[in-house]
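Please read the structure below before turning to the comments.
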Amino acid sequence: MVHILLYAIVPIIVVMLAGYISGKKGMFSGNDAKQFNKVVLDFALPAALFISIVTATRDDLIKDLKLTVVSTLVIMGCFMLVYFIYKYCFKKNTGADAAISALISGSPTIGFLGFAVLEPIFVSSTVSLSSVALVVAIVGIVVNAIGIPVGLSLLNASLAEQGNTGGKKQSGWKPVIQALEQPVAWAPILAVVLVLVGFHWPAWASPSFNLIAKANASLAVFSAGITLSSIKVVINWQAILGSIMKLIVMPAAALIVGLLVHMDPINLQMLVVACALPPAFSGIIIADEYDTYVATGTSSLTLSVILFIGFCPLWIWLTQLALAHNFLM
């Protein structure tokens, strides 16, 4: 557990704290954070997602159908659950607020922290790095190739409805098209298509993507710290509920469904931890970009990152306990 804390959790806190302090000292402002976020959202994150998926093989994507199905059902089920709860249970929330909530509390930050957390915990003499990469790739596809386009579509549809003063009904496809036009949405989809058609990605092309992709996690976490320093943290019931949905409901759903369908034990443990990861930083970036639900969303992210220190080892223990006693098996 000390290893998990030092190699998977402490780095997140240190980099975010560095961003927070730099913001408080006036070295960077909230506007600077928006520019950093644009670099992450339009360049670093799409590059990281694209290269991590396109270098896989078709066999990798279909090798474990249970992992793919369970990941999709659990993550998108929780995603839509968060959306509907925040839209219909909180009167002051708009559809845009609910969409941002889903992008944050309904999505694990697999693109930013997947390898950083799962690799030091699970890679050993019996578990290869490729096994971790498979989980990261599949969860990443679900979160970024399905979740982000759906979230952006709901967000754009709500914003269009709020700004529609002429009473003219817009095409339902417009927000979908707008979402898919963004690199963070189409890059992983393109990578999946290339893998499925059997395209072999040349090794010499990867370094060009890796260079900008390496800035993904560090710049995103640093920027989140700056954003946090420029707003007033509001720990209200919505922020607390977001942390509960992310750190308790989603990993619990993954564990229960995985046990019911008899998933591979190692894959199940990695999936539960992946689902227990803090909320997606991409949700905060999108919130900041659209200037929607930033304060509560960032507060929920901050609270979840702090609580993850305890919930990560807890879920590892609970999953091992469930597997040892063959619960639901």
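Residue numbers start at 1 in each chain; chains themselves are named A, B, ... in the order of the structure tokens; ligands are numbered from 1 in the order shown.
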Can you pull out the residues contacting Ala324 (chain A)? Cut-off 12 Å, using only C-alpha atoms, and skip same-chain residues under 5 positions away; I want them as a list in words.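 Here the answer would be Leu259, Pro265, Trp317, Leu318, Thr319 and Met329 of chain A.
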Would you mind exporting the chosen residues as a JSON list (two decimals), in the first residue's frame, restricted to N, CA and C atoms?
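After the write, part-v7.json holds the following:
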```
[["chain", "number", "residue", "atom", "x", "y", "z"],
["A", 259, "LEU", "N", -18.15, -10.04, -11.32],
["A", 259, "LEU", "CA", -18.32, -11.32, -10.63],
["A", 259, "LEU", "C", -19.46, -12.13, -11.25],
["A", 265, "PRO", "N", -9.95, -12.93, -13.03],
["A", 265, "PRO", "CA", -9.71, -12.25, -11.76],
["A", 265, "PRO", "C", -8.77, -11.04, -11.84],
["A", 317, "TRP", "N", -8.53, -4.42, -1.75],
["A", 317, "TRP", "CA", -8.80, -5.41, -0.69],
["A", 317, "TRP", "C", -10.18, -6.03, -0.86],
["A", 318, "LEU", "N", -11.20, -5.22, -1.14],
["A", 318, "LEU", "CA", -12.55, -5.73, -1.30],
["A", 318, "LEU", "C", -12.65, -6.69, -2.50],
["A", 319, "THR", "N", -11.99, -6.36, -3.59],
["A", 319, "THR", "CA", -12.03, -7.22, -4.78],
["A", 319, "THR", "C", -11.34, -8.54, -4.50],
["A", 329, "MET", "N", -20.04, -15.99, -7.59],
["A", 329, "MET", "CA", -19.44, -16.80, -8.64],
["A", 329, "MET", "C", -20.18, -18.14, -8.77]]
```
Skipping near chain neighbours, those fewer than 6 positions away, what residues fall within 9 Å of Leu255 (chain A) using only C-alpha atoms, listed as a PDB file with C-alpha atoms, in the first residue's frame?
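Okay, part_7.pdb is ready:
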```
ATOM      1  CA  LEU A 268     -11.499  -7.666 -12.770  1.00  0.00           C
ATOM      2  CA  GLN A 269      -9.112  -6.266 -10.161  1.00  0.00           C
ATOM      3  CA  LEU A 271     -11.052  -2.794 -13.943  1.00  0.00           C
ATOM      4  CA  VAL A 272     -12.320  -2.085 -10.413  1.00  0.00           C
ATOM      5  CA  THR A 319     -12.027  -7.219  -4.778  1.00  0.00           C
ATOM      6  CA  ALA A 322     -14.750 -11.137  -3.042  1.00  0.00           C
TER       7      ALA A 322
END
```
Give me the region 220-241 of chain A side of the contact with region 299-302 of chain A, cut-off 6 Å, one line per residue showing its nearest atom pair and distance in Å at one decimal, counting only C-alpha atoms, sorted by chain and residue number, as a tab-separated table.
```
residue	atom	partner	partner_atom	distance
A:Val233	CA	A:Ser299	CA	5.4
A:Val234	CA	A:Ser299	CA	5.9
A:Ala239	CA	A:Ser300	CA	4.3
```
For CA of Asp264 (chain A) and CA of Ser131 (chain A), quote the distance in Å rounded to one decimal.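 A separation of 11.4 Å between them.
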Find the spatial neighbours of Pro183 (chain A), counting only C-alpha atoms, within a cut-off of 12 Å - ignore same-chain residues fewer than 4 positions away - and output them as a list in words.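 Returned residues: Lys38, Val39, Val40, Leu41, Asp42, Phe43, Ala44, Leu45, Pro46, Ala47, Ala48, Leu49, Phe50, Asn144, Ala145, Ile148, Pro149, Gln178, Ala179, Ala187, Pro188, Ile189, Leu190 and Ala191 of chain A.
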Generate the output file for the selected residues, N, CA and C atoms, as a compact mmCIF listing (two decimals), in the first residue's frame.
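That gives us again-v4.txt:
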```txt
# COMPACT_ATOMS: atom_id res chain seq x y z
N LYS A 38 -6.38 23.92 -23.38
CA LYS A 38 -6.56 23.82 -24.83
C LYS A 38 -5.46 22.96 -25.45
N VAL A 39 -4.24 23.13 -24.94
CA VAL A 39 -3.13 22.31 -25.42
C VAL A 39 -3.41 20.83 -25.11
N VAL A 40 -3.88 20.57 -23.89
CA VAL A 40 -4.18 19.19 -23.48
C VAL A 40 -5.31 18.61 -24.31
N LEU A 41 -6.41 19.36 -24.41
CA LEU A 41 -7.63 18.84 -25.03
C LEU A 41 -7.48 18.68 -26.54
N ASP A 42 -6.76 19.58 -27.19
CA ASP A 42 -6.68 19.55 -28.65
C ASP A 42 -5.43 18.86 -29.18
N PHE A 43 -4.40 18.68 -28.32
CA PHE A 43 -3.16 18.10 -28.82
C PHE A 43 -2.66 16.93 -27.97
N ALA A 44 -2.34 17.18 -26.69
CA ALA A 44 -1.69 16.15 -25.88
C ALA A 44 -2.58 14.93 -25.64
N LEU A 45 -3.81 15.16 -25.17
CA LEU A 45 -4.70 14.04 -24.88
C LEU A 45 -5.09 13.26 -26.14
N PRO A 46 -5.48 13.92 -27.24
CA PRO A 46 -5.76 13.15 -28.46
C PRO A 46 -4.56 12.32 -28.92
N ALA A 47 -3.35 12.89 -28.82
CA ALA A 47 -2.16 12.15 -29.22
C ALA A 47 -1.94 10.93 -28.34
N ALA A 48 -2.12 11.12 -27.01
CA ALA A 48 -1.94 10.01 -26.08
C ALA A 48 -2.95 8.90 -26.33
N LEU A 49 -4.20 9.27 -26.57
CA LEU A 49 -5.24 8.28 -26.82
C LEU A 49 -5.00 7.57 -28.14
N PHE A 50 -4.67 8.34 -29.16
CA PHE A 50 -4.48 7.76 -30.49
C PHE A 50 -3.34 6.75 -30.50
N ASN A 144 -13.44 7.76 -23.83
CA ASN A 144 -13.12 8.84 -24.75
C ASN A 144 -13.79 8.72 -26.13
N ALA A 145 -14.01 7.49 -26.58
CA ALA A 145 -14.65 7.33 -27.89
C ALA A 145 -16.16 7.26 -27.78
N ILE A 148 -17.08 10.86 -24.04
CA ILE A 148 -16.86 12.27 -24.38
C ILE A 148 -17.78 12.74 -25.50
N PRO A 149 -17.90 11.99 -26.62
CA PRO A 149 -18.87 12.43 -27.64
C PRO A 149 -20.30 12.54 -27.12
N GLN A 178 -20.79 18.41 -33.88
CA GLN A 178 -19.89 19.33 -33.20
C GLN A 178 -18.97 18.59 -32.24
N ALA A 179 -19.52 17.60 -31.55
CA ALA A 179 -18.71 16.82 -30.62
C ALA A 179 -17.64 16.02 -31.35
N ALA A 187 -10.03 11.36 -32.55
CA ALA A 187 -8.72 10.70 -32.57
C ALA A 187 -8.79 9.24 -32.09
N PRO A 188 -9.42 8.95 -30.92
CA PRO A 188 -9.51 7.55 -30.52
C PRO A 188 -10.41 6.72 -31.42
N ILE A 189 -11.46 7.34 -31.98
CA ILE A 189 -12.33 6.61 -32.89
C ILE A 189 -11.55 6.21 -34.15
N LEU A 190 -10.75 7.15 -34.68
CA LEU A 190 -9.93 6.86 -35.85
C LEU A 190 -8.95 5.73 -35.54
N ALA A 191 -8.35 5.75 -34.35
CA ALA A 191 -7.41 4.71 -33.97
C ALA A 191 -8.08 3.34 -33.92
```
Please build the interface table for region 207-242 of chain A against region 98-117 of chain A with a cut-off of 12 Å, listing for each qualifying residue the nearest atom pair and the distance in Å to one decimal; count only C-alpha atoms, order rows by chain and increasing number, and write it as JSON lines.
```
{"residue": "A:Ala213", "atom": "CA", "partner": "A:Phe112", "partner_atom": "CA", "distance": 10.1}
{"residue": "A:Lys214", "atom": "CA", "partner": "A:Phe112", "partner_atom": "CA", "distance": 9.9}
{"residue": "A:Ala215", "atom": "CA", "partner": "A:Phe112", "partner_atom": "CA", "distance": 9.9}
{"residue": "A:Asn216", "atom": "CA", "partner": "A:Phe112", "partner_atom": "CA", "distance": 6.7}
{"residue": "A:Ala217", "atom": "CA", "partner": "A:Phe112", "partner_atom": "CA", "distance": 4.7}
{"residue": "A:Ser218", "atom": "CA", "partner": "A:Phe112", "partner_atom": "CA", "distance": 8.3}
{"residue": "A:Leu219", "atom": "CA", "partner": "A:Phe112", "partner_atom": "CA", "distance": 9.8}
{"residue": "A:Ala220", "atom": "CA", "partner": "A:Phe112", "partner_atom": "CA", "distance": 7.8}
{"residue": "A:Val221", "atom": "CA", "partner": "A:Phe112", "partner_atom": "CA", "distance": 8.5}
{"residue": "A:Phe222", "atom": "CA", "partner": "A:Phe112", "partner_atom": "CA", "distance": 11.9}
{"residue": "A:Gln238", "atom": "CA", "partner": "A:Ser101", "partner_atom": "CA", "distance": 9.1}
{"residue": "A:Ala239", "atom": "CA", "partner": "A:Ser105", "partner_atom": "CA", "distance": 9.2}
{"residue": "A:Ile240", "atom": "CA", "partner": "A:Ser105", "partner_atom": "CA", "distance": 10.3}
{"residue": "A:Leu241", "atom": "CA", "partner": "A:Ser105", "partner_atom": "CA", "distance": 8.8}
{"residue": "A:Gly242", "atom": "CA", "partner": "A:Ser105", "partner_atom": "CA", "distance": 5.2}
```
Suppose we keep all heavy atoms; can you now write the selection as a compact mmCIF listing (two decimals), in the first residue's frame?
```
# COMPACT_ATOMS: atom_id res chain seq x y z
N ALA A 213 2.33 13.67 -26.36
CA ALA A 213 1.47 12.87 -25.49
C ALA A 213 1.99 12.83 -24.07
O ALA A 213 1.22 12.75 -23.11
CB ALA A 213 1.35 11.45 -26.05
N LYS A 214 3.32 12.88 -23.89
CA LYS A 214 3.90 12.82 -22.56
C LYS A 214 3.53 14.03 -21.70
O LYS A 214 3.64 13.98 -20.48
CB LYS A 214 5.42 12.70 -22.66
CG LYS A 214 5.89 11.33 -23.17
CD LYS A 214 7.39 11.28 -23.31
CE LYS A 214 7.85 9.91 -23.82
NZ LYS A 214 9.32 9.86 -24.02
N ALA A 215 3.14 15.12 -22.36
CA ALA A 215 2.74 16.32 -21.61
C ALA A 215 1.32 16.20 -21.09
O ALA A 215 0.87 17.04 -20.30
CB ALA A 215 2.86 17.55 -22.50
N ASN A 216 0.62 15.17 -21.51
CA ASN A 216 -0.81 15.02 -21.23
C ASN A 216 -1.12 15.05 -19.73
O ASN A 216 -1.79 15.96 -19.24
CB ASN A 216 -1.29 13.71 -21.85
CG ASN A 216 -2.68 13.33 -21.45
OD1 ASN A 216 -3.56 14.17 -21.39
ND2 ASN A 216 -2.88 12.05 -21.17
N ALA A 217 -0.65 14.06 -18.98
CA ALA A 217 -1.02 13.94 -17.57
C ALA A 217 -0.48 15.09 -16.74
O ALA A 217 -1.21 15.70 -15.95
CB ALA A 217 -0.53 12.60 -17.02
N SER A 218 0.81 15.38 -16.90
CA SER A 218 1.43 16.41 -16.05
C SER A 218 0.82 17.78 -16.28
O SER A 218 0.51 18.51 -15.32
CB SER A 218 2.94 16.47 -16.31
OG SER A 218 3.21 16.70 -17.70
N LEU A 219 0.61 18.16 -17.54
CA LEU A 219 0.06 19.48 -17.84
C LEU A 219 -1.40 19.57 -17.39
O LEU A 219 -1.84 20.61 -16.88
CB LEU A 219 0.16 19.77 -19.34
CG LEU A 219 -0.20 21.19 -19.79
CD1 LEU A 219 0.64 22.22 -19.06
CD2 LEU A 219 -0.03 21.34 -21.30
N ALA A 220 -2.15 18.48 -17.55
CA ALA A 220 -3.56 18.48 -17.15
C ALA A 220 -3.70 18.62 -15.64
O ALA A 220 -4.53 19.39 -15.15
CB ALA A 220 -4.24 17.21 -17.64
N VAL A 221 -2.88 17.87 -14.89
CA VAL A 221 -2.96 17.94 -13.43
C VAL A 221 -2.48 19.30 -12.93
O VAL A 221 -3.07 19.90 -12.02
CB VAL A 221 -2.12 16.81 -12.79
CG1 VAL A 221 -2.13 16.92 -11.27
CG2 VAL A 221 -2.67 15.45 -13.20
N PHE A 222 -1.40 19.82 -13.52
CA PHE A 222 -0.88 21.14 -13.16
C PHE A 222 -1.93 22.21 -13.43
O PHE A 222 -2.17 23.10 -12.60
CB PHE A 222 0.39 21.42 -13.95
CG PHE A 222 1.10 22.69 -13.55
CD1 PHE A 222 1.96 22.71 -12.47
CD2 PHE A 222 0.91 23.86 -14.27
CE1 PHE A 222 2.61 23.87 -12.09
CE2 PHE A 222 1.56 25.02 -13.90
CZ PHE A 222 2.42 25.04 -12.81
N GLN A 238 -23.65 18.54 -4.00
CA GLN A 238 -23.40 18.07 -5.36
C GLN A 238 -21.97 17.56 -5.50
O GLN A 238 -21.72 16.53 -6.15
CB GLN A 238 -23.67 19.19 -6.36
CG GLN A 238 -25.14 19.58 -6.45
CD GLN A 238 -25.46 20.39 -7.69
OE1 GLN A 238 -24.97 20.10 -8.77
NE2 GLN A 238 -26.30 21.40 -7.52
N ALA A 239 -21.01 18.26 -4.90
CA ALA A 239 -19.61 17.82 -4.94
C ALA A 239 -19.44 16.50 -4.20
O ALA A 239 -18.74 15.58 -4.66
CB ALA A 239 -18.70 18.88 -4.35
N ILE A 240 -20.09 16.39 -3.04
CA ILE A 240 -20.01 15.15 -2.25
C ILE A 240 -20.65 13.99 -2.99
O ILE A 240 -20.10 12.88 -3.05
CB ILE A 240 -20.67 15.35 -0.87
CG1 ILE A 240 -19.89 16.39 -0.06
CG2 ILE A 240 -20.77 14.03 -0.12
CD1 ILE A 240 -20.56 16.79 1.24
N LEU A 241 -21.83 14.24 -3.58
CA LEU A 241 -22.52 13.19 -4.33
C LEU A 241 -21.68 12.74 -5.52
O LEU A 241 -21.62 11.54 -5.83
CB LEU A 241 -23.88 13.69 -4.81
CG LEU A 241 -24.71 12.70 -5.65
CD1 LEU A 241 -25.00 11.43 -4.86
CD2 LEU A 241 -26.01 13.35 -6.13
N GLY A 242 -21.02 13.69 -6.18
CA GLY A 242 -20.15 13.33 -7.30
C GLY A 242 -19.04 12.39 -6.88
O GLY A 242 -18.72 11.42 -7.59
```
Which of region 85-269 of chain A counts as helix (DSSP H, G or I) under DSSP, as an MDAnalysis selection string please? chainID A and resid 85:88 95:105 110:122 129:163 174:180 183:196 203:213 215:229 237:260 265:269
Give me the residues within 8 Å of Trp201 (chain A) as number ranges by chain, counting only C-alpha atoms and dropping any in the same chain fewer than 2 places off. A: 54-55, 199, 203, 205
To one decimal place in Å, what is the distance between CA of Ile284 (chain A) and CA of Thr298 (chain A)? 6.4 Å
